[in-house]
>>> print(open('coords-v4.tsv').read())   # TSV, C-alpha atoms
chain	number	residue	atom	x	y	z
A	1	MET	CA	31.99	-12.55	-1.67
A	2	ASP	CA	28.35	-11.54	-2.17
A	3	LEU	CA	27.66	-14.75	-4.04
A	4	ASP	CA	29.25	-16.86	-1.28
A	5	LEU	CA	27.16	-15.09	1.32
A	6	ALA	CA	24.01	-15.62	-0.74
A	7	ARG	CA	24.78	-19.33	-1.26
A	8	GLN	CA	25.46	-19.87	2.45
A	9	ALA	CA	22.20	-18.15	3.35
A	10	GLN	CA	20.36	-20.20	0.75
A	11	VAL	CA	21.43	-23.49	2.36
A	12	GLY	CA	20.11	-22.29	5.72
A	13	ASP	CA	23.09	-20.50	7.27
A	14	GLU	CA	21.26	-17.96	9.42
A	15	SER	CA	24.35	-15.98	10.30
A	16	ALA	CA	25.06	-15.45	6.58
A	17	PHE	CA	21.58	-14.05	6.01
A	18	ALA	CA	21.86	-11.92	9.16
A	19	GLU	CA	25.06	-10.49	7.68
A	20	ILE	CA	23.22	-9.66	4.43
A	21	VAL	CA	20.52	-7.86	6.44
A	22	ARG	CA	23.11	-5.97	8.48
A	23	ARG	CA	25.16	-4.97	5.45
A	24	TYR	CA	22.39	-3.90	3.11
A	25	SER	CA	19.62	-2.60	5.34
A	26	PRO	CA	20.82	1.03	4.98
A	27	ARG	CA	20.43	0.70	1.19
A	28	VAL	CA	17.00	-0.94	1.46
A	29	PHE	CA	15.87	1.71	3.96
A	30	SER	CA	17.05	4.42	1.60
A	31	VAL	CA	14.91	2.99	-1.22
A	32	ALA	CA	11.88	2.56	1.05
A	33	SER	CA	12.29	6.14	2.32
A	34	ARG	CA	11.59	7.37	-1.21
A	35	PHE	CA	8.12	5.91	-0.96
A	36	PHE	CA	7.26	6.31	2.72
A	37	ARG	CA	7.89	8.99	5.34
A	38	GLN	CA	6.60	7.12	8.40
A	39	ARG	CA	9.27	5.02	10.09
A	40	SER	CA	6.86	2.12	10.73
A	41	LEU	CA	6.02	1.90	7.02
A	42	VAL	CA	9.66	2.10	5.99
A	43	GLU	CA	10.53	-0.72	8.42
A	44	GLU	CA	7.58	-2.81	7.28
A	45	ALA	CA	8.64	-2.42	3.65
A	46	ALA	CA	12.28	-3.19	4.43
A	47	GLN	CA	11.33	-6.35	6.32
A	48	GLU	CA	9.14	-7.46	3.43
A	49	VAL	CA	12.08	-6.89	1.08
A	50	PHE	CA	14.42	-9.13	3.08
A	51	LEU	CA	11.83	-11.90	3.48
A	52	LYS	CA	11.25	-11.84	-0.27
A	53	ALA	CA	14.96	-11.78	-0.94
A	54	TYR	CA	15.41	-14.85	1.25
A	55	THR	CA	12.90	-16.87	-0.76
A	56	GLN	CA	14.47	-15.69	-4.04
A	57	LEU	CA	18.13	-16.20	-3.09
A	58	GLY	CA	18.39	-19.01	-5.63
A	59	SER	CA	17.75	-16.55	-8.46
A	60	PHE	CA	20.75	-14.40	-7.50
A	61	GLU	CA	23.47	-15.52	-9.88
A	62	GLY	CA	26.17	-13.11	-8.81
A	63	ARG	CA	26.40	-11.36	-12.19
A	64	GLY	CA	25.58	-8.00	-10.63
A	65	SER	CA	26.07	-6.89	-7.04
A	66	LEU	CA	23.88	-8.18	-4.23
A	67	GLU	CA	23.15	-4.54	-3.39
A	68	GLY	CA	21.80	-3.91	-6.90
A	69	TRP	CA	19.73	-7.08	-6.75
A	70	LEU	CA	18.27	-6.06	-3.38
A	71	THR	CA	17.62	-2.53	-4.66
A	72	ARG	CA	15.50	-3.95	-7.49
A	73	ILE	CA	13.53	-6.12	-5.07
A	74	ALA	CA	13.10	-3.13	-2.76
A	75	THR	CA	11.86	-0.88	-5.56
A	76	ASN	CA	9.32	-3.40	-6.81
A	77	THR	CA	8.15	-4.30	-3.32
A	78	CYS	CA	7.62	-0.64	-2.38
A	79	LEU	CA	5.85	0.12	-5.66
A	80	ASN	CA	3.49	-2.81	-5.02
A	81	MET	CA	2.87	-1.68	-1.45
A	82	VAL	CA	2.04	1.86	-2.57
A	83	ARG	CA	-0.21	0.59	-5.36
A	84	SER	CA	-2.14	-1.70	-3.04
A	85	SER	CA	-2.60	0.93	-0.35
A	86	LYS	CA	-5.32	3.51	-0.70
A	87	ARG	CA	-4.13	6.28	-2.99
A	88	ARG	CA	-4.15	9.79	-1.62
A	89	PRO	CA	-6.60	12.10	-3.33
A	90	GLU	CA	-4.96	14.03	-6.11
A	91	SER	CA	-4.70	17.79	-6.46
A	92	THR	CA	-4.31	18.54	-2.76
A	93	VAL	CA	-2.04	21.44	-3.61
A	94	SER	CA	-4.46	24.33	-3.49
A	95	ASP	CA	-3.94	25.62	0.06
A	96	LEU	CA	-0.70	26.55	1.71
A	97	THR	CA	0.04	26.28	5.40
A	98	ASP	CA	1.56	29.36	7.03
A	99	ASP	CA	4.93	27.62	7.22
A	100	GLU	CA	4.81	26.72	3.54
A	101	ALA	CA	3.78	30.25	2.56
A	102	GLY	CA	6.64	31.59	4.66
A	103	TRP	CA	9.09	29.17	3.10
A	104	LEU	CA	8.01	30.16	-0.44
A	105	ASP	CA	8.32	33.85	0.44
A	106	GLN	CA	11.82	33.28	1.75
A	107	GLN	CA	12.77	31.30	-1.35
A	108	SER	CA	11.46	34.00	-3.65
A	109	GLY	CA	13.55	36.54	-1.77
A	110	ASP	CA	17.04	35.75	-0.55
A	111	GLY	CA	16.39	32.06	-0.15
A	112	ALA	CA	15.39	30.21	3.02
A	113	GLN	CA	18.05	29.83	5.69
A	114	PRO	CA	19.09	26.20	6.03
A	115	SER	CA	17.49	24.79	9.18
A	116	VAL	CA	15.78	21.62	10.31
A	117	GLU	CA	12.40	23.40	10.31
A	118	ASN	CA	12.89	24.75	6.79
A	119	ASP	CA	13.96	21.32	5.54
A	120	LEU	CA	10.85	19.81	7.07
A	121	VAL	CA	8.59	22.39	5.41
A	122	ALA	CA	10.30	21.82	2.05
A	123	THR	CA	9.91	18.06	2.46
A	124	ASP	CA	6.21	18.38	3.28
A	125	LEU	CA	5.77	20.60	0.28
A	126	ALA	CA	7.55	18.04	-1.90
A	127	ASP	CA	5.23	15.30	-0.66
A	128	ARG	CA	2.20	17.41	-1.53
A	129	LEU	CA	3.53	18.05	-5.01
A	130	LEU	CA	4.48	14.41	-5.50
A	131	SER	CA	0.99	13.33	-4.51
A	132	VAL	CA	-0.27	14.44	-7.92
A	133	LEU	CA	1.90	11.72	-9.52
A	134	SER	CA	1.60	7.98	-9.87
A	135	PRO	CA	4.01	5.99	-7.64
A	136	GLU	CA	6.07	5.10	-10.71
A	137	ASP	CA	6.42	8.73	-11.80
A	138	GLN	CA	7.28	9.74	-8.23
A	139	GLN	CA	10.02	7.16	-8.19
A	140	ALA	CA	11.50	8.34	-11.49
A	141	LEU	CA	11.40	12.03	-10.55
A	142	LEU	CA	12.79	11.59	-7.04
A	143	MET	CA	15.68	9.52	-8.30
A	144	ILE	CA	16.59	11.83	-11.19
A	145	ASP	CA	15.84	15.30	-9.82
A	146	GLY	CA	16.28	14.52	-6.12
A	147	GLU	CA	19.19	12.11	-6.09
A	148	ASP	CA	20.81	13.08	-9.42
A	149	ALA	CA	20.52	9.50	-10.69
A	150	SER	CA	20.98	8.94	-14.42
A	151	ILE	CA	18.26	7.65	-16.74
A	152	LYS	CA	20.26	4.43	-17.03
A	153	GLU	CA	20.41	3.93	-13.28
A	154	VAL	CA	16.66	4.34	-12.94
A	155	ALA	CA	16.13	1.92	-15.81
A	156	GLU	CA	18.33	-0.68	-14.12
A	157	VAL	CA	16.60	-0.38	-10.77
A	158	THR	CA	13.06	-0.44	-12.11
A	159	GLY	CA	13.45	-2.72	-15.10
A	160	TRP	CA	11.87	-0.08	-17.38
A	161	SER	CA	13.39	0.90	-20.71
A	162	GLU	CA	15.42	4.11	-20.80
A	163	SER	CA	12.87	5.78	-23.08
A	164	LYS	CA	10.12	4.88	-20.62
A	165	VAL	CA	12.11	6.44	-17.78
A	166	LYS	CA	12.62	9.61	-19.87
A	167	VAL	CA	8.91	9.87	-20.64
A	168	ARG	CA	7.95	9.30	-17.01
A	169	ALA	CA	10.45	11.88	-15.75
A	170	PHE	CA	9.34	14.46	-18.36
A	171	ARG	CA	5.67	13.98	-17.52
A	172	ALA	CA	6.31	14.02	-13.77
A	173	ARG	CA	8.48	17.15	-13.92
A	174	LYS	CA	5.85	18.99	-15.94
A	175	LYS	CA	3.04	18.03	-13.54
A	176	VAL	CA	5.04	19.00	-10.46
A	177	ARG	CA	6.09	22.30	-12.02
A	178	GLU	CA	2.47	23.10	-12.91
A	179	ALA	CA	1.35	22.20	-9.38
A	180	MET	CA	4.03	24.50	-7.97
A	181	GLU	CA	2.91	27.28	-10.34
A	182	LYS	CA	-0.60	26.90	-8.95
A	183	LEU	CA	0.70	27.20	-5.41
A	184	LEU	CA	2.68	30.31	-6.30
A	185	GLY	CA	-0.39	31.76	-8.00
A	186	HIS	CA	-2.45	31.19	-4.82
A	187	ARG	CA	0.27	32.77	-2.72
A	188	ASN	CA	0.46	35.83	-4.96
A	189	LYS	CA	-3.32	36.25	-4.74
A	190	GLN	CA	-3.13	35.97	-0.94
A	191	LEU	CA	-0.43	38.63	-0.85
A	192	ASP	CA	-2.37	40.91	-3.21
A	193	SER	CA	-5.56	40.66	-1.15
A	194	ALA	CA	-3.58	41.30	2.05
A	195	ALA	CA	-2.07	44.41	0.47
A	196	ASP	CA	-5.55	45.69	-0.49
B	1	MET	CA	14.45	34.95	-28.19
B	2	ASN	CA	10.74	34.20	-28.56
B	3	LYS	CA	10.59	30.44	-28.18
B	4	HIS	CA	8.97	29.41	-24.87
B	5	ILE	CA	11.29	27.56	-22.56
B	6	THR	CA	8.93	25.22	-20.69
B	7	GLU	CA	10.08	22.25	-22.75
B	8	ILE	CA	13.68	22.85	-21.71
B	9	LEU	CA	12.53	22.99	-18.08
B	10	ASP	CA	10.56	19.75	-18.33
B	11	ASN	CA	13.15	17.84	-20.33
B	12	ALA	CA	15.81	17.59	-17.65
B	13	SER	CA	16.38	18.37	-14.00
B	14	MET	CA	17.58	21.89	-13.20
B	15	ALA	CA	20.92	20.45	-12.09
B	16	ALA	CA	21.38	18.78	-15.47
B	17	LEU	CA	20.78	21.94	-17.54
B	18	SER	CA	23.89	23.27	-19.27
B	19	GLU	CA	25.05	26.86	-18.77
B	20	ILE	CA	23.90	27.68	-22.32
B	21	GLU	CA	20.43	26.30	-21.63
B	22	LEU	CA	20.20	28.16	-18.32
B	23	ASN	CA	21.18	31.44	-19.99
B	24	GLU	CA	18.57	30.84	-22.66
B	25	VAL	CA	15.92	30.15	-20.00
B	26	ARG	CA	16.82	33.23	-17.94
B	27	ALA	CA	16.95	35.51	-20.95
B	28	HIS	CA	13.53	34.39	-22.14
B	29	ALA	CA	12.05	34.57	-18.62
B	30	LEU	CA	12.94	38.26	-18.48
B	31	GLU	CA	10.74	38.94	-21.51
B	32	CYS	CA	7.91	36.41	-21.02
B	33	GLY	CA	5.69	36.52	-17.92
B	34	SER	CA	4.30	32.97	-18.20
B	35	CYS	CA	7.77	31.49	-18.72
B	36	ARG	CA	9.06	33.54	-15.78
B	37	SER	CA	6.56	31.90	-13.43
B	38	ALA	CA	7.28	28.50	-15.04
B	39	TYR	CA	11.00	28.97	-14.38
B	40	GLU	CA	10.39	30.06	-10.80
B	41	ALA	CA	8.14	27.04	-10.23
B	42	ALA	CA	10.72	24.68	-11.76
B	43	ARG	CA	13.47	26.18	-9.59
B	44	LEU	CA	11.43	25.79	-6.39
B	45	SER	CA	10.32	22.29	-7.36
B	46	ALA	CA	13.96	21.29	-7.75
B	47	VAL	CA	14.71	22.67	-4.27
B	48	VAL	CA	11.88	20.76	-2.55
B	49	LEU	CA	12.67	17.54	-4.42
B	50	LYS	CA	16.28	17.74	-3.24
B	51	SER	CA	15.04	18.19	0.33
B	52	ARG	CA	12.71	15.23	0.00
B	53	ALA	CA	15.47	13.02	-1.39
B	54	HIS	CA	17.62	13.74	1.65
B	55	VAL	CA	15.00	12.32	4.01
B	56	VAL	CA	16.23	8.80	4.70
B	57	THR	CA	15.10	6.67	7.61
B	58	GLU	CA	17.97	4.80	9.23
B	59	PRO	CA	17.49	1.18	10.30
B	60	SER	CA	16.87	0.76	14.02
B	61	PRO	CA	19.35	-1.34	16.03
B	62	PHE	CA	16.67	-4.02	16.42
B	63	PHE	CA	15.85	-4.29	12.75
B	64	GLN	CA	18.16	-7.24	12.06
B	65	THR	CA	16.73	-9.17	15.03
B	66	ARG	CA	13.21	-8.41	13.89
B	67	VAL	CA	13.87	-9.68	10.37
B	68	MET	CA	15.53	-12.85	11.60
B	69	ALA	CA	12.57	-13.55	13.92
B	70	ALA	CA	10.13	-13.00	11.06
B	71	LEU	CA	12.21	-15.29	8.88
B	72	ARG	CA	12.14	-18.10	11.48
B	73	GLU	CA	8.39	-17.69	11.80
B	74	GLN	CA	8.01	-17.86	8.03
B	75	ARG	CA	10.12	-21.01	7.84
B	76	GLU	CA	8.15	-22.68	10.64
B	77	THR	CA	4.89	-21.96	8.81
B	78	GLU	CA	6.31	-23.44	5.64
B	79	SER	CA	7.63	-26.56	7.42
B	80	VAL	CA	4.20	-27.58	8.78
B	81	PRO	CA	3.30	-30.81	6.87
B	82	ALA	CA	0.79	-30.55	4.07
B	83	PHE	CA	-1.67	-32.88	5.86
B	84	SER	CA	-1.69	-30.64	8.94
B	85	ARG	CA	-2.35	-27.60	6.77
B	86	LEU	CA	-5.16	-29.51	5.01
B	87	TRP	CA	-6.61	-30.55	8.38
B	88	LYS	CA	-6.43	-26.95	9.56
B	89	SER	CA	-8.49	-25.88	6.54
B	90	ALA	CA	-10.85	-28.84	6.93
B	91	LYS	CA	-11.40	-28.02	10.59
B	92	VAL	CA	-12.98	-24.76	9.61
B	93	LEU	CA	-15.34	-26.53	7.24
B	94	VAL	CA	-16.24	-29.26	9.76
B	95	SER	CA	-16.89	-26.81	12.56
B	96	SER	CA	-19.07	-24.63	10.34
B	97	MET	CA	-21.09	-27.72	9.34
B	98	ALA	CA	-21.50	-28.75	13.00
B	99	LEU	CA	-22.64	-25.28	13.89
B	100	THR	CA	-25.21	-25.28	11.08
B	101	THR	CA	-26.56	-28.67	12.20
B	102	ALA	CA	-26.77	-27.54	15.81
B	103	ALA	CA	-28.52	-24.33	14.77
B	104	LEU	CA	-31.06	-26.28	12.72
B	105	GLY	CA	-31.67	-28.66	15.66
B	106	VAL	CA	-32.26	-25.82	18.08
B	107	LEU	CA	-34.58	-24.08	15.65
B	108	SER	CA	-36.69	-27.19	15.03
B	109	PHE	CA	-37.21	-27.71	18.80
B	110	THR	CA	-37.77	-24.13	19.83
B	111	LEU	CA	-39.92	-22.77	17.04
B	112	PRO	CA	-43.70	-23.43	17.45
B	113	ALA	CA	-45.17	-25.98	15.05
B	114	THR	CA	-47.14	-24.62	12.12
B	115	PRO	CA	-50.96	-25.02	12.13
B	116	ASP	CA	-50.74	-27.80	9.51
B	117	GLU	CA	-48.38	-29.81	11.72
B	118	GLN	CA	-50.70	-29.33	14.70
B	119	ALA	CA	-53.66	-30.57	12.67
B	120	LEU	CA	-51.71	-33.63	11.57
B	121	SER	CA	-50.68	-34.57	15.12
B	122	ALA	CA	-54.35	-34.43	16.24
B	123	TYR	CA	-55.16	-37.44	14.06
B	124	SER	CA	-53.48	-40.31	15.92
B	125	ALA	CA	-53.85	-43.87	14.64
B	126	GLU	CA	-56.46	-44.68	17.27
B	127	SER	CA	-58.58	-41.64	16.57
B	128	VAL	CA	-58.47	-42.36	12.83
B	129	ILE	CA	-59.57	-45.98	13.49
B	130	MET	CA	-62.17	-44.83	15.98
B	131	GLY	CA	-63.26	-42.00	13.75
B	132	GLN	CA	-62.89	-39.49	16.56
B	133	SER	CA	-61.23	-36.08	16.78
B	134	GLY	CA	-58.79	-35.28	19.61
B	135	ASP	CA	-61.42	-33.31	21.59
B	136	GLU	CA	-63.85	-36.22	21.79
B	137	GLN	CA	-61.49	-38.99	22.98
B	138	LEU	CA	-63.11	-41.77	25.06
B	139	THR	CA	-61.52	-43.74	27.85
B	140	TYR	CA	-60.55	-47.37	27.25
B	141	ASP	CA	-63.51	-48.58	29.39
B	142	GLN	CA	-65.89	-46.38	27.48
B	143	VAL	CA	-64.58	-47.80	24.22
B	144	LEU	CA	-64.90	-51.41	25.48
B	145	SER	CA	-68.37	-50.91	26.90
B	146	THR	CA	-69.45	-49.19	23.74
B	147	VAL	CA	-68.08	-52.06	21.63
B	148	TYR	CA	-69.68	-54.78	23.80
B	149	GLU	CA	-72.97	-52.87	23.95
B	150	ASP	CA	-72.95	-52.84	20.18
B	151	ASP	CA	-72.25	-56.59	20.18
B	152	ASP	CA	-75.07	-57.26	22.62
B	153	ASP	CA	-77.46	-55.19	20.56
B	154	ALA	CA	-76.48	-57.15	17.53
B	155	ARG	CA	-77.28	-60.45	19.23
>>> encode(input="coords-v4.tsv", output="structure tokens")
Amino acid sequence: MDLDLARQAQVGDESAFAEIVRRYSPRVFSVASRFFRQRSLVEEAAQEVFLKAYTQLGSFEGRGSLEGWLTRIATNTCLNMVRSSKRRPESTVSDLTDDEAGWLDQQSGDGAQPSVENDLVATDLADRLLSVLSPEDQQALLMIDGEDASIKEVAEVTGWSESKVKVRAFRARKKVREAMEKLLGHRNKQLDSAAD
Amino acid sequence: MNKHITEILDNASMAALSEIELNEVRAHALECGSCRSAYEAARLSAVVLKSRAHVVTEPSPFFQTRVMAALREQRETESVPAFSRLWKSAKVLVSSMALTTAALGVLSFTLPATPDEQALSAYSAESVIMGQSGDEQLTYDQVLSTVYEDDDDAR
């Protein structure tokens, strides 16, 4: 089915390619959302993915799923986009906003109540922590720790060996944990000085 | 239990730790201050990473149309014949050359001549033959009368 659709699109059947876009854009958007938060950037990346996929349709042999093939293209495209854009300065995790401090306090106590605001604060905090990592390490960590993907799944999507994925995830986890420890240390100092 | 537990924390996600590993981590964290803060940081990191992973942008209803339009545009660009593309590139070169020539022309007419050029133009063929400078030019009659006077004197 996927192969037929890909072959039809390859010979110029626009409706077949439109069907591919319709069917798999949620998956491509989900991959791009790992790398970008802004909707415009996610859309730009997703469009780039489909244009690339169109030119490479001939290389899809139907051995795996079209979704898996598109996921690989999406991952590589997004990694390239992040690499070519200006990198954010590292170690931006020294200061906490009031919301973040509040969220950490809640988590250290009974745990933050689930709410849209709390989710947003946690997501912002995650982005700050992830900014200390390379795009590749971010990808590995978000897939494994965020989405519960297996080492094998990450290896398939990225084309890295399983041992490389393990090393990346280990290194990324350690860096993020240390960055979080720093933040907690700052927060404890703030609380101590407020108490004095 | 004296072995630090940071390696266990960094080796796998919190969700992937077995009950035995978690018990080991918690037991050690009770006794070791640095491992306690490492465990707390790992736990909170896992929470924020889960939140981040849930943030997924949904495709807009116009996305498919946008991609198809971009695809048509891409195909049109590719279908332009090679000669046209070559001419497009050449046009840039030709126009830049024309501009340079025009600029040089304008400069040569508008800029004042250098003193050397002025000196050269002062020596016209006649003045060289006559042995005169530009300031001392004679009229044609004066030249003729001077020449004939000389002839008469010679006779």
>>> atom_distance(input="coords-v4.tsv", atom1="atom CA of Ala195 of chain A", atom2="atom CA of Lys182 of chain A")
19.9 Å
>>> interface_residues(input="coords-v4.tsv", of="chain A", to="chain B", cutoff="6 Å", atoms="only C-alpha atoms", output="MDAnalysis selection string")
chainID A and resid 30 33 47 122:123 126 145:146 170 173:174 177 180:181
>>> closest_residue(input="coords-v4.tsv", among="A:Phe17, A:Phe29, A:Arg37, A:Val42", to="Thr55 of chain A", atoms="only C-alpha atoms")
A:Phe17
>>> residues_around(input="coords-v4.tsv", residues="Glu136 of chain A", least_positions_apart="5", cutoff="9 Å", atoms="only C-alpha atoms", output="PyMOL selection string")
chain A and resi 79+141+168
>>> closest_residue(input="coords-v4.tsv", among="A:Glu43, A:Glu14, A:Glu178, A:Asp105", to="Val28 of chain A", atoms="only C-alpha atoms")
A:Glu43
>>> residues_around(input="coords-v4.tsv", residues="Met143 of chain A", least_positions_apart="2", cutoff="10 Å", atoms="all atoms listed in the file", output="ChimeraX atom specification")
/A:31,34,137-141,145-151,153-154,169 /B:49-50,53
